[in-house]
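Visitor: See input_15.tsv below, with TSV, C-alpha atoms.
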```tsv
chain	number	residue	atom	x	y	z
A	191	MET	CA	0.00	0.00	0.00
A	192	ALA	CA	2.79	2.37	0.95
A	193	LEU	CA	4.51	1.41	-2.28
A	194	LEU	CA	1.43	2.27	-4.34
A	195	HIS	CA	1.09	5.65	-2.64
A	196	LEU	CA	4.76	6.31	-3.27
A	197	LEU	CA	4.36	5.50	-6.97
A	198	LEU	CA	1.27	7.67	-7.32
A	199	ALA	CA	2.91	10.59	-5.48
A	200	GLN	CA	5.96	10.38	-7.71
A	201	ALA	CA	3.85	10.29	-10.85
A	202	ALA	CA	1.86	13.35	-9.75
A	203	ALA	CA	4.91	15.37	-8.73
A	204	ASP	CA	6.90	15.28	-11.96
A	205	PRO	CA	5.13	15.29	-15.35
A	206	THR	CA	8.34	14.47	-17.30
A	207	LYS	CA	8.34	11.10	-15.53
A	208	GLY	CA	5.26	10.28	-17.59
A	209	LEU	CA	7.17	10.90	-20.83
A	210	THR	CA	9.98	8.65	-19.63
A	211	ALA	CA	7.45	5.97	-18.85
A	212	ILE	CA	5.96	6.29	-22.34
A	213	GLY	CA	9.45	6.05	-23.84
A	214	ARG	CA	10.18	2.93	-21.83
A	215	GLY	CA	6.92	1.40	-22.97
A	216	ILE	CA	7.71	2.13	-26.62
A	217	VAL	CA	11.23	0.72	-26.29
A	218	TYR	CA	10.15	-2.50	-24.67
A	219	GLY	CA	7.03	-2.87	-26.79
A	220	GLY	CA	9.04	-2.39	-29.98
A	221	ALA	CA	11.72	-4.80	-28.84
A	222	ALA	CA	9.14	-7.47	-28.04
A	223	ILE	CA	7.49	-7.58	-31.49
A	224	GLY	CA	10.21	-9.42	-33.41
A	225	PRO	CA	11.12	-11.96	-30.72
A	226	GLY	CA	7.40	-12.60	-30.14
A	227	ILE	CA	6.97	-13.64	-33.76
A	228	GLY	CA	10.29	-15.49	-33.69
A	229	ILE	CA	9.54	-17.55	-30.60
A	230	GLY	CA	6.13	-18.38	-32.06
A	231	LEU	CA	7.81	-19.72	-35.21
A	232	VAL	CA	10.39	-21.69	-33.23
A	233	VAL	CA	7.92	-23.35	-30.88
A	234	GLY	CA	5.29	-23.89	-33.57
A	235	ASN	CA	7.74	-25.68	-35.83
A	236	ALA	CA	9.11	-27.66	-32.88
A	237	ILE	CA	5.58	-28.87	-32.06
A	238	THR	CA	5.06	-29.85	-35.70
A	239	ALA	CA	8.33	-31.78	-35.64
A	240	MET	CA	7.44	-33.53	-32.39
A	241	ALA	CA	3.98	-34.45	-33.65
A	242	ARG	CA	5.38	-35.87	-36.90
A	243	GLN	CA	8.19	-37.77	-35.25
A	244	PRO	CA	7.51	-38.37	-31.54
A	245	GLU	CA	10.67	-40.47	-31.11
A	246	SER	CA	12.85	-37.43	-31.81
A	247	ALA	CA	11.02	-35.28	-29.24
A	248	GLY	CA	14.01	-35.14	-26.87
A	249	THR	CA	16.42	-33.70	-29.44
A	250	VAL	CA	13.80	-31.33	-30.80
A	251	ARG	CA	13.01	-30.04	-27.32
A	252	THR	CA	16.66	-29.27	-26.55
A	253	THR	CA	17.12	-27.52	-29.88
A	254	MET	CA	13.85	-25.65	-29.34
A	255	PHE	CA	15.07	-24.23	-26.03
A	256	LEU	CA	18.30	-23.18	-27.72
A	257	GLY	CA	16.33	-21.41	-30.46
A	258	ILE	CA	14.10	-19.72	-27.89
A	259	ALA	CA	17.15	-18.57	-25.93
A	260	PHE	CA	18.77	-16.99	-29.00
A	261	THR	CA	15.53	-15.34	-30.15
A	262	GLU	CA	14.53	-14.08	-26.75
A	263	ALA	CA	17.86	-12.30	-26.22
A	264	LEU	CA	16.71	-9.38	-28.40
A	265	ALA	CA	13.59	-8.82	-26.32
A	266	LEU	CA	15.69	-8.90	-23.18
A	267	PHE	CA	18.07	-6.29	-24.60
A	268	GLY	CA	15.00	-4.08	-25.01
A	269	PHE	CA	13.92	-4.85	-21.45
A	270	VAL	CA	17.29	-3.82	-20.06
A	271	LEU	CA	17.40	-0.75	-22.30
A	272	ALA	CA	14.02	0.33	-20.97
A	273	PHE	CA	15.52	0.30	-17.48
A	274	ILE	CA	18.60	2.20	-18.54
A	275	ILE	CA	16.50	5.10	-19.95
A	276	SER	CA	16.25	7.75	-17.27
A	277	GLY	CA	14.20	10.91	-17.44
B	207	MET	CA	21.82	-9.32	9.82
B	208	ASN	CA	18.08	-9.32	10.42
B	209	ALA	CA	17.59	-7.02	7.46
B	210	LEU	CA	19.15	-9.62	5.19
B	211	LEU	CA	16.18	-11.92	5.66
B	212	LEU	CA	13.38	-9.45	5.07
B	213	ALA	CA	11.58	-10.01	1.79
B	214	VAL	CA	11.05	-6.29	1.30
B	215	ASP	CA	14.70	-5.42	1.86
B	216	VAL	CA	16.22	-5.66	-1.60
B	217	PRO	CA	19.48	-3.97	-2.60
B	218	PRO	CA	18.74	-1.11	-5.03
B	219	ILE	CA	19.62	-1.47	-8.69
B	220	SER	CA	22.40	1.12	-8.25
B	221	ASN	CA	24.25	-1.53	-6.22
B	222	VAL	CA	25.34	-2.84	-9.58
B	223	THR	CA	27.91	-0.07	-9.73
B	224	ILE	CA	28.00	1.17	-6.12
B	225	TRP	CA	29.60	-1.18	-3.65
B	226	GLY	CA	26.98	-1.79	-0.94
B	227	ALA	CA	27.13	-0.61	2.67
B	228	GLY	CA	28.56	-2.66	5.50
B	229	PRO	CA	31.80	-4.59	5.84
B	230	LEU	CA	33.10	-5.67	2.42
B	231	GLY	CA	29.79	-4.58	0.92
B	232	PHE	CA	28.07	-7.71	2.18
B	233	ASN	CA	24.37	-7.52	1.37
B	234	LYS	CA	21.42	-9.78	0.61
B	235	THR	CA	22.68	-10.63	-2.89
B	236	ALA	CA	26.03	-11.73	-1.51
B	237	ALA	CA	24.32	-13.74	1.24
B	238	ILE	CA	22.26	-15.62	-1.36
B	239	TYR	CA	25.38	-16.38	-3.39
B	240	VAL	CA	27.08	-17.78	-0.29
B	241	PHE	CA	24.02	-19.93	0.30
B	242	ALA	CA	23.99	-21.10	-3.33
B	243	ALA	CA	27.68	-22.02	-3.31
B	244	LEU	CA	27.35	-23.87	0.00
B	245	ALA	CA	24.20	-25.68	-1.16
B	246	THR	CA	25.91	-26.81	-4.37
B	247	MET	CA	28.90	-28.10	-2.44
B	248	LEU	CA	26.76	-29.79	0.21
B	249	VAL	CA	24.60	-31.63	-2.32
B	250	PHE	CA	27.62	-33.23	-3.93
B	251	MET	CA	29.75	-33.72	-0.80
B	252	LEU	CA	26.98	-35.31	1.25
B	253	GLY	CA	25.29	-36.94	-1.72
B	254	THR	CA	28.38	-38.87	-2.78
B	255	ARG	CA	29.38	-40.26	0.63
B	256	ARG	CA	27.90	-43.73	0.02
B	257	LYS	CA	30.37	-44.62	-2.71
B	258	ASP	CA	29.79	-48.37	-2.83
B	259	ALA	CA	26.00	-48.23	-2.73
B	260	LEU	CA	24.42	-49.47	-5.96
B	261	VAL	CA	20.93	-48.17	-5.24
B	262	PRO	CA	20.77	-44.45	-4.50
B	263	ALA	CA	18.93	-43.53	-1.33
B	264	GLY	CA	18.07	-40.27	0.36
B	265	LEU	CA	17.25	-36.84	-1.00
B	266	LEU	CA	20.82	-35.63	-1.44
B	267	GLN	CA	22.13	-38.69	-3.25
B	268	ASN	CA	19.12	-38.78	-5.55
B	269	THR	CA	19.52	-35.06	-6.29
B	270	ALA	CA	23.23	-35.40	-6.97
B	271	GLU	CA	22.89	-38.46	-9.19
B	272	SER	CA	19.91	-37.25	-11.20
B	273	GLY	CA	21.57	-33.84	-11.53
B	274	VAL	CA	24.74	-35.35	-12.96
B	275	GLY	CA	22.66	-37.64	-15.19
B	276	PHE	CA	20.60	-34.70	-16.42
B	277	VAL	CA	23.62	-32.56	-17.29
B	278	ARG	CA	25.35	-35.55	-18.90
B	279	ASN	CA	22.44	-36.78	-21.03
B	280	GLN	CA	20.43	-33.63	-21.73
B	281	ILE	CA	23.22	-31.08	-22.04
B	282	ILE	CA	26.59	-32.62	-22.89
B	283	MET	CA	25.56	-35.58	-25.03
B	284	GLN	CA	23.09	-33.38	-26.95
B	285	THR	CA	25.68	-30.76	-27.83
B	286	MET	CA	29.29	-31.88	-27.45
B	287	GLY	CA	29.13	-35.67	-27.53
B	288	THR	CA	31.53	-37.87	-25.58
B	289	ASP	CA	34.41	-35.40	-26.09
B	290	GLY	CA	32.65	-32.97	-23.80
B	291	LEU	CA	32.42	-35.28	-20.80
B	292	GLN	CA	35.55	-33.69	-19.33
B	293	TYR	CA	33.46	-30.55	-18.75
B	294	LEU	CA	30.82	-32.47	-16.78
B	295	PRO	CA	32.01	-31.28	-13.30
B	296	TYR	CA	32.13	-27.62	-14.30
B	297	LEU	CA	28.78	-27.68	-16.11
B	298	THR	CA	27.06	-29.56	-13.28
B	299	ALA	CA	28.37	-27.09	-10.69
B	300	LEU	CA	27.34	-24.20	-12.95
B	301	PHE	CA	23.83	-25.58	-13.37
B	302	PHE	CA	23.28	-26.16	-9.65
B	303	PHE	CA	24.82	-22.82	-8.63
B	304	ILE	CA	22.64	-20.82	-11.00
B	305	PHE	CA	19.55	-22.79	-10.01
B	306	PHE	CA	20.13	-22.34	-6.28
B	307	SER	CA	20.83	-18.62	-6.58
B	308	SER	CA	17.68	-18.09	-8.70
B	309	ILE	CA	15.27	-20.32	-6.78
B	310	THR	CA	15.50	-18.00	-3.73
B	311	GLU	CA	13.06	-15.88	-5.74
B	312	ILE	CA	10.18	-17.99	-4.48
B	313	ILE	CA	11.49	-19.00	-1.03
B	314	PRO	CA	9.31	-17.19	1.54
B	315	PHE	CA	10.96	-14.33	3.50
B	316	VAL	CA	13.91	-14.26	1.10
B	317	GLN	CA	12.01	-13.74	-2.17
B	318	PHE	CA	14.86	-12.27	-4.12
B	319	PRO	CA	16.71	-13.93	-7.00
B	320	ALA	CA	20.36	-13.04	-6.53
B	321	ASN	CA	20.83	-13.22	-10.31
B	322	ALA	CA	18.60	-10.16	-10.68
B	323	ARG	CA	21.76	-8.08	-9.99
B	324	PHE	CA	24.13	-8.62	-12.85
B	325	GLY	CA	27.41	-9.04	-10.98
B	326	MET	CA	27.39	-12.84	-10.90
B	327	PRO	CA	25.77	-13.41	-14.34
B	328	LEU	CA	28.54	-11.16	-15.75
B	329	THR	CA	31.22	-13.16	-13.94
B	330	LEU	CA	29.82	-16.49	-15.10
B	331	ALA	CA	29.45	-15.24	-18.68
B	332	LEU	CA	33.08	-14.04	-18.65
B	333	ALA	CA	34.13	-17.45	-17.30
B	334	THR	CA	32.33	-19.07	-20.25
B	335	TRP	CA	33.99	-16.60	-22.62
B	336	VAL	CA	37.46	-17.41	-21.26
B	337	ILE	CA	36.79	-21.16	-21.40
B	338	TYR	CA	35.59	-21.31	-25.00
B	339	ASN	CA	38.36	-19.03	-26.23
B	340	VAL	CA	41.06	-20.99	-24.39
B	341	VAL	CA	39.62	-24.28	-25.64
B	342	GLY	CA	39.49	-22.94	-29.19
B	343	VAL	CA	43.07	-21.69	-29.12
B	344	ALA	CA	44.32	-24.89	-27.49
B	345	LYS	CA	42.46	-27.26	-29.83
B	346	GLN	CA	42.89	-25.45	-33.15
B	347	GLY	CA	45.79	-23.07	-32.63
B	348	PRO	CA	45.28	-19.29	-32.54
B	349	LEU	CA	45.21	-18.65	-36.30
B	350	HIS	CA	42.92	-21.53	-37.17
B	351	TYR	CA	40.62	-20.62	-34.30
B	352	LEU	CA	40.31	-17.03	-35.53
B	353	LYS	CA	39.79	-18.20	-39.11
B	354	ASN	CA	37.16	-20.78	-38.16
B	355	SER	CA	35.22	-18.43	-35.92
B	356	LEU	CA	35.33	-15.43	-38.26
B	357	ILE	CA	34.88	-17.01	-41.70
B	358	PRO	CA	31.79	-19.19	-42.12
B	359	PRO	CA	32.26	-21.97	-44.70
B	360	GLY	CA	30.98	-21.43	-48.25
B	361	VAL	CA	30.78	-17.63	-48.26
B	362	PRO	CA	31.81	-15.85	-51.49
B	363	LYS	CA	34.97	-13.72	-51.18
B	364	PRO	CA	33.46	-10.19	-51.62
B	365	ILE	CA	30.85	-10.75	-48.94
B	366	LEU	CA	33.59	-11.61	-46.42
B	367	LEU	CA	34.17	-7.87	-46.06
B	368	LEU	CA	30.72	-7.67	-44.51
B	369	VAL	CA	30.65	-11.04	-42.79
B	370	ILE	CA	33.92	-10.88	-40.84
B	371	PRO	CA	33.03	-7.83	-38.69
B	372	ILE	CA	29.56	-9.26	-38.03
B	373	GLU	CA	30.98	-12.62	-37.02
B	374	PHE	CA	33.60	-10.95	-34.85
B	375	VAL	CA	31.00	-8.92	-32.95
B	376	SER	CA	28.63	-11.85	-32.62
B	377	THR	CA	31.25	-14.37	-31.47
B	378	PHE	CA	33.41	-12.32	-29.14
B	379	ILE	CA	31.13	-9.56	-27.86
B	380	VAL	CA	27.46	-10.47	-28.20
B	381	ARG	CA	27.88	-14.05	-26.92
B	382	PRO	CA	29.01	-13.21	-23.35
B	383	PHE	CA	26.83	-10.09	-23.27
B	384	SER	CA	23.67	-11.99	-24.25
B	385	LEU	CA	24.49	-14.79	-21.81
B	386	MET	CA	24.67	-12.24	-19.03
B	387	VAL	CA	21.62	-10.26	-20.07
B	388	ARG	CA	19.50	-13.38	-20.60
B	389	LEU	CA	19.99	-14.66	-17.05
B	390	PHE	CA	19.90	-11.23	-15.41
B	391	ALA	CA	16.86	-9.87	-17.27
B	392	ASN	CA	14.81	-13.04	-16.89
B	393	MET	CA	15.30	-13.11	-13.14
B	394	LEU	CA	14.73	-9.35	-12.80
B	395	ALA	CA	11.56	-9.52	-14.91
B	396	GLY	CA	10.19	-12.44	-12.89
B	397	HIS	CA	10.96	-10.66	-9.65
B	398	LEU	CA	9.23	-7.48	-10.87
B	399	ILE	CA	6.14	-9.44	-11.91
B	400	LEU	CA	5.89	-11.05	-8.47
B	401	VAL	CA	6.44	-7.70	-6.75
B	402	THR	CA	3.78	-6.04	-8.92
B	403	PHE	CA	1.11	-8.60	-8.18
B	404	ALA	CA	2.01	-8.77	-4.47
B	405	ALA	CA	1.79	-4.97	-4.14
B	406	LEU	CA	-1.45	-4.98	-6.13
B	407	SER	CA	-2.96	-7.68	-3.92
B	408	ALA	CA	-1.99	-5.76	-0.79
B	409	GLY	CA	-3.35	-2.49	-2.20
B	410	LEU	CA	-6.66	-4.02	-3.27
B	411	TRP	CA	-7.01	-5.73	0.10
B	412	ALA	CA	-6.54	-2.46	1.95
B	413	ALA	CA	-9.06	-0.54	-0.18
B	414	LYS	CA	-12.48	-1.77	0.96
B	415	VAL	CA	-14.43	-1.51	-2.29
B	416	THR	CA	-11.95	-3.04	-4.69
B	417	VAL	CA	-11.41	-6.11	-2.54
B	418	VAL	CA	-13.70	-8.10	-4.86
B	419	ILE	CA	-11.08	-8.11	-7.63
B	420	MET	CA	-8.28	-8.97	-5.20
B	421	PRO	CA	-8.64	-12.78	-5.75
B	422	PHE	CA	-7.75	-12.40	-9.46
B	423	SER	CA	-4.56	-10.54	-8.64
B	424	PHE	CA	-3.76	-12.98	-5.87
B	425	GLY	CA	-4.50	-15.99	-8.08
B	426	LEU	CA	-2.14	-14.66	-10.72
B	427	LEU	CA	0.48	-14.10	-8.00
B	428	VAL	CA	0.23	-17.77	-7.04
B	429	ALA	CA	0.35	-18.88	-10.68
B	430	MET	CA	3.36	-16.67	-11.47
B	431	THR	CA	5.17	-18.02	-8.39
B	432	GLY	CA	4.76	-21.51	-9.85
B	433	PHE	CA	5.89	-20.23	-13.24
B	434	GLU	CA	9.02	-18.73	-11.68
B	435	ILE	CA	10.10	-22.20	-10.48
B	436	LEU	CA	10.06	-23.22	-14.15
B	437	VAL	CA	11.92	-20.06	-15.17
B	438	ALA	CA	14.65	-20.56	-12.54
B	439	PHE	CA	15.18	-24.13	-13.77
B	440	LEU	CA	14.99	-23.16	-17.45
B	441	GLN	CA	17.46	-20.28	-17.13
B	442	ALA	CA	19.97	-22.51	-15.33
B	443	PHE	CA	19.48	-25.09	-18.10
B	444	ILE	CA	19.84	-22.54	-20.91
B	445	PHE	CA	22.93	-20.91	-19.42
B	446	THR	CA	24.57	-24.32	-19.05
B	447	ILE	CA	23.57	-25.63	-22.48
B	448	LEU	CA	24.73	-22.42	-24.19
B	449	THR	CA	28.07	-22.73	-22.41
B	450	ALA	CA	28.24	-26.29	-23.77
B	451	VAL	CA	27.30	-25.12	-27.29
B	452	TYR	CA	29.96	-22.41	-27.26
B	453	ILE	CA	32.65	-24.82	-26.01
B	454	ASP	CA	31.52	-27.27	-28.70
B	455	SER	CA	31.86	-24.63	-31.42
B	456	SER	CA	35.47	-24.16	-30.31
B	457	MET	CA	36.16	-27.88	-30.06
B	458	HIS	CA	34.54	-29.00	-33.30
B	459	PRO	CA	34.62	-26.16	-35.83
B	460	SER	CA	32.32	-26.48	-38.83
B	461	HIS	CA	34.35	-26.88	-42.01
```
As C-alpha cells - that is how I would like this structure written.
Guide:
Amino acid sequence: MALLHLLLAQAAADPTKGLTAIGRGIVYGGAAIGPGIGIGLVVGNAITAMARQPESAGTVRTTMFLGIAFTEALALFGFVLAFIISG
Amino acid sequence: MNALLLAVDVPPISNVTIWGAGPLGFNKTAAIYVFAALATMLVFMLGTRRKDALVPAGLLQNTAESGVGFVRNQIIMQTMGTDGLQYLPYLTALFFFIFFSSITEIIPFVQFPANARFGMPLTLALATWVIYNVVGVAKQGPLHYLKNSLIPPGVPKPILLLVIPIEFVSTFIVRPFSLMVRLFANMLAGHLILVTFAALSAGLWAAKVTVVIMPFSFGLLVAMTGFEILVAFLQAFIFTILTAVYIDSSMHPSH
C-alpha cells in the first residue's frame, strides 16, 4: 500500500516522468514484437516436428530451447534498455 | 543481519555499480550467493558419501545423481558428444549454482533472485567466454581458431568484407553479453512481476471496495510463483547448455 502511494505521489509530482514511462513502454514494446513472432515460429515448428516424429522429441526439445534462448535475447536487450533510460 | 532476511529489503539497482554498505559490501545478494555455493557443495559432498552403494537412497544422493545424469544426457551428449564429458564437473556445478541462486526468488521471507543483480551473471558469462576461447586456441591453434570463428564456410569472397566484422562482434562480444543479459533480465523480470502482483494484492485488500477483484490478482500471483520455479530451472538449463554449445563450437569447428 505504501509502495502504491509512493508510486502515485511520484507520478503526480513530476510530469516528465510520464514521458519517460511512455518512452520505456515504446522501447520494450518495440523490442518485443520481433522476438514474439520469432519464438512463435520456433515453438510452432518444434511442435510440428514432435507431432510428426515423436521419437525425436528429446532432441527437438533441446534444440527448441536453444532457439528460444537466441531469439529471446533481443527482447531482453530491449527490457534492459528500458531500465537504462532515465528521465 | 536481520535485514538480510526481510523479503522487502532488496538492494537497489544502483548496487550494480555502487559497492553496498557494510563490511566488504556484504548484502542480501552476496548472502544468497554464499548460500547457493554452499548448497551446491553440500549436495555433492553429502550426496556422494555412500560410494559403494548401488541403489541411490536419500534426497541428497538422488539429487546429486539425477543432476549429474541430467547434465550428462540432456546437455553434454546433446551438444558436445563424448568429447565434452571432461566438462561435466564444471557444467554440473554451474547448473546447480545458478539454479540455487535463482530459486531464492520464491522462497518465503527471502524472495529475491540473486541473479537479478548482474554481478554474478557477468562473472559467469566471462568465465564461459574465457573457457571457449582458451579451448578454441588450445584445440585449433590461434590462427585456425580465428579463421574458423570469423569465416563461415561457403561464403563468397566479396561478402567476407561484410561477414567478418559481423561474425567478430557476434562471437566475441554479443555471446558473453547476451548470456549475461538473458539470465539477469529473466530473473529481474520475474521478480518485478511477483512484486507487482504482491503490491497490487496488498493495495486491493486495503481498499475496501476493490477487494472483490483482489482474488484475481492474488491468483495470478500464485500462478506466477509456480511459473518462476520453471523459469529458474529453465534459465539454469539454458545458461549451461549455451556454455556447452559455445565450447563445442570451439572444439569441433564447422568446415
Visitor: Residues of chain B were defined as contacting chain A if any atom lay at most 10 Å from it, counting all atoms listed in the file; please report them as a VMD selection string.
Guide: chain B and resid 219 280 to 281 284 to 285 380 to 381 383 to 392 394 to 395 402 405 to 413 440 to 441 443 to 445 447 to 448 451
Visitor: Work out how far atom CA of Gly287 of chain B is from atom CA of Ser460 of chain B, in Å to one decimal.
Guide: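 Computing it gives 14.9 Å between the two atoms.
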Visitor: Pick out the residues sitting within 6 Å of Ala442 of chain B, and hand them over as a PDB file with C-alpha atoms, in the frame of the given file; count all atoms listed in the file, and ignore anything fewer than 4 positions along from it in its own chain.
Guide:
```
ATOM      1  CA  PHE B 301      23.830 -25.580 -13.370  1.00  0.00           C
ATOM      2  CA  ILE B 304      22.640 -20.820 -11.000  1.00  0.00           C
ATOM      3  CA  PHE B 305      19.550 -22.790 -10.010  1.00  0.00           C
TER       4      PHE B 305
END
```
Visitor: Just how far from atom CA of Ala429 of chain B is atom CA of Asn235 of chain A, in Å to one decimal?
Guide: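 Atom-to-atom, atom CA of Asn235 of chain A to atom CA of Ala429 of chain B, that is 27.1 Å.
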Visitor: Separation of atom CA of Ala221 of chain A and atom CA of Val375 of chain B, in Å?
Guide: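 Distance reported for this atom pair: 20.1 Å.
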Visitor: With all atoms listed in the file as the basis for distance, which of B:Val274, B:Ile238, B:Ile357, B:Ala438 is at the shortest distance from Ala320 of chain B?
Guide: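 Closest candidate: B:Ile238.
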Visitor: Show me, as a list in words, the residues that have an atom within 12 Å of Gln346 of chain B when counting only C-alpha atoms, minus same-chain residues fewer than 6 positions from it.
Guide: Tyr338, Asn339, Val340, Leu352, Lys353, Asn354, Ser355, Ser455, Ser456, Met457, His458 and Pro459 of chain B
Visitor: The selected residues should be written to file as a short mmCIF file (atom, residue, chain, number, x, y, z; two decimals), in the coordinates of the input (atoms: C-alpha atoms).
Guide:
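Output (out35.cif):
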```cif
data_model
loop_
_atom_site.label_atom_id
_atom_site.label_comp_id
_atom_site.auth_asym_id
_atom_site.auth_seq_id
_atom_site.Cartn_x
_atom_site.Cartn_y
_atom_site.Cartn_z
CA TYR B 338 35.59 -21.31 -25.00
CA ASN B 339 38.36 -19.03 -26.23
CA VAL B 340 41.06 -20.99 -24.39
CA LEU B 352 40.31 -17.03 -35.53
CA LYS B 353 39.79 -18.20 -39.11
CA ASN B 354 37.16 -20.78 -38.16
CA SER B 355 35.22 -18.43 -35.92
CA SER B 455 31.86 -24.63 -31.42
CA SER B 456 35.47 -24.16 -30.31
CA MET B 457 36.16 -27.88 -30.06
CA HIS B 458 34.54 -29.00 -33.30
CA PRO B 459 34.62 -26.16 -35.83
#
```
Visitor: Leaving out Phe318 of chain B and any residue of its chain fewer than 3 positions from it, which residues lie within 7 Å of it when counting only C-alpha atoms, given as a PyMOL selection string?
Guide: chain B and resi 310-311+397
Visitor: Could you give me, as a PyMOL selection string, the residues within 12 Å of Ile237 of chain A, counting all atoms listed in the file and dropping anything in the same chain fewer than 2 positions from it?
Guide: chain A and resi 230-235+239-244+246-248+250-251+253-254
Visitor: Applying 8 Å and only C-alpha atoms, which residues near Met286 of chain B remain after dropping the ones on its own chain fewer than 6 positions away? List them as a count of residues only.
Guide: 4
Visitor: Mind rebuilding segment 224-238 of chain A with N, CA, C and O atoms and writing that out as an mmCIF file, keeping the file's coordinate frame?
Guide:
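Written output follows (out.cif):
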```cif
data_model
loop_
_atom_site.group_PDB
_atom_site.id
_atom_site.type_symbol
_atom_site.label_atom_id
_atom_site.label_comp_id
_atom_site.auth_asym_id
_atom_site.auth_seq_id
_atom_site.Cartn_x
_atom_site.Cartn_y
_atom_site.Cartn_z
ATOM 1 N N GLY A 224 9.468 -8.430 -32.622
ATOM 2 C CA GLY A 224 10.210 -9.420 -33.410
ATOM 3 C C GLY A 224 10.388 -10.740 -32.683
ATOM 4 O O GLY A 224 10.007 -11.793 -33.210
ATOM 5 N N PRO A 225 10.955 -10.711 -31.453
ATOM 6 C CA PRO A 225 11.120 -11.960 -30.720
ATOM 7 C C PRO A 225 9.799 -12.690 -30.477
ATOM 8 O O PRO A 225 9.780 -13.926 -30.452
ATOM 9 N N GLY A 226 8.694 -11.926 -30.324
ATOM 10 C CA GLY A 226 7.400 -12.600 -30.140
ATOM 11 C C GLY A 226 7.069 -13.464 -31.341
ATOM 12 O O GLY A 226 6.717 -14.641 -31.204
ATOM 13 N N ILE A 227 7.211 -12.866 -32.540
ATOM 14 C CA ILE A 227 6.970 -13.640 -33.760
ATOM 15 C C ILE A 227 7.958 -14.796 -33.859
ATOM 16 O O ILE A 227 7.596 -15.936 -34.182
ATOM 17 N N GLY A 228 9.243 -14.483 -33.547
ATOM 18 C CA GLY A 228 10.290 -15.490 -33.690
ATOM 19 C C GLY A 228 10.079 -16.682 -32.787
ATOM 20 O O GLY A 228 10.185 -17.832 -33.227
ATOM 21 N N ILE A 229 9.736 -16.437 -31.526
ATOM 22 C CA ILE A 229 9.540 -17.550 -30.600
ATOM 23 C C ILE A 229 8.319 -18.359 -31.032
ATOM 24 O O ILE A 229 8.315 -19.590 -30.940
ATOM 25 N N GLY A 230 7.295 -17.657 -31.551
ATOM 26 C CA GLY A 230 6.130 -18.380 -32.060
ATOM 27 C C GLY A 230 6.526 -19.340 -33.167
ATOM 28 O O GLY A 230 6.108 -20.498 -33.186
ATOM 29 N N LEU A 231 7.359 -18.849 -34.103
ATOM 30 C CA LEU A 231 7.810 -19.720 -35.210
ATOM 31 C C LEU A 231 8.601 -20.909 -34.671
ATOM 32 O O LEU A 231 8.372 -22.056 -35.078
ATOM 33 N N VAL A 232 9.540 -20.618 -33.753
ATOM 34 C CA VAL A 232 10.390 -21.690 -33.230
ATOM 35 C C VAL A 232 9.558 -22.770 -32.563
ATOM 36 O O VAL A 232 9.671 -23.961 -32.883
ATOM 37 N N VAL A 233 8.684 -22.356 -31.638
ATOM 38 C CA VAL A 233 7.920 -23.350 -30.880
ATOM 39 C C VAL A 233 6.906 -24.046 -31.777
ATOM 40 O O VAL A 233 6.718 -25.265 -31.674
ATOM 41 N N GLY A 234 6.274 -23.273 -32.677
ATOM 42 C CA GLY A 234 5.290 -23.890 -33.570
ATOM 43 C C GLY A 234 5.913 -24.989 -34.407
ATOM 44 O O GLY A 234 5.370 -26.094 -34.514
ATOM 45 N N ASN A 235 7.094 -24.659 -35.001
ATOM 46 C CA ASN A 235 7.740 -25.680 -35.830
ATOM 47 C C ASN A 235 8.240 -26.848 -34.989
ATOM 48 O O ASN A 235 8.246 -27.994 -35.459
ATOM 49 N N ALA A 236 8.669 -26.566 -33.742
ATOM 50 C CA ALA A 236 9.110 -27.660 -32.880
ATOM 51 C C ALA A 236 7.949 -28.600 -32.578
ATOM 52 O O ALA A 236 8.095 -29.828 -32.586
ATOM 53 N N ILE A 237 6.757 -28.022 -32.344
ATOM 54 C CA ILE A 237 5.580 -28.870 -32.060
ATOM 55 C C ILE A 237 5.251 -29.713 -33.283
ATOM 56 O O ILE A 237 4.959 -30.909 -33.176
ATOM 57 N N THR A 238 5.310 -29.079 -34.480
ATOM 58 C CA THR A 238 5.060 -29.850 -35.700
ATOM 59 C C THR A 238 6.029 -31.020 -35.805
ATOM 60 O O THR A 238 5.629 -32.156 -36.101
#
```
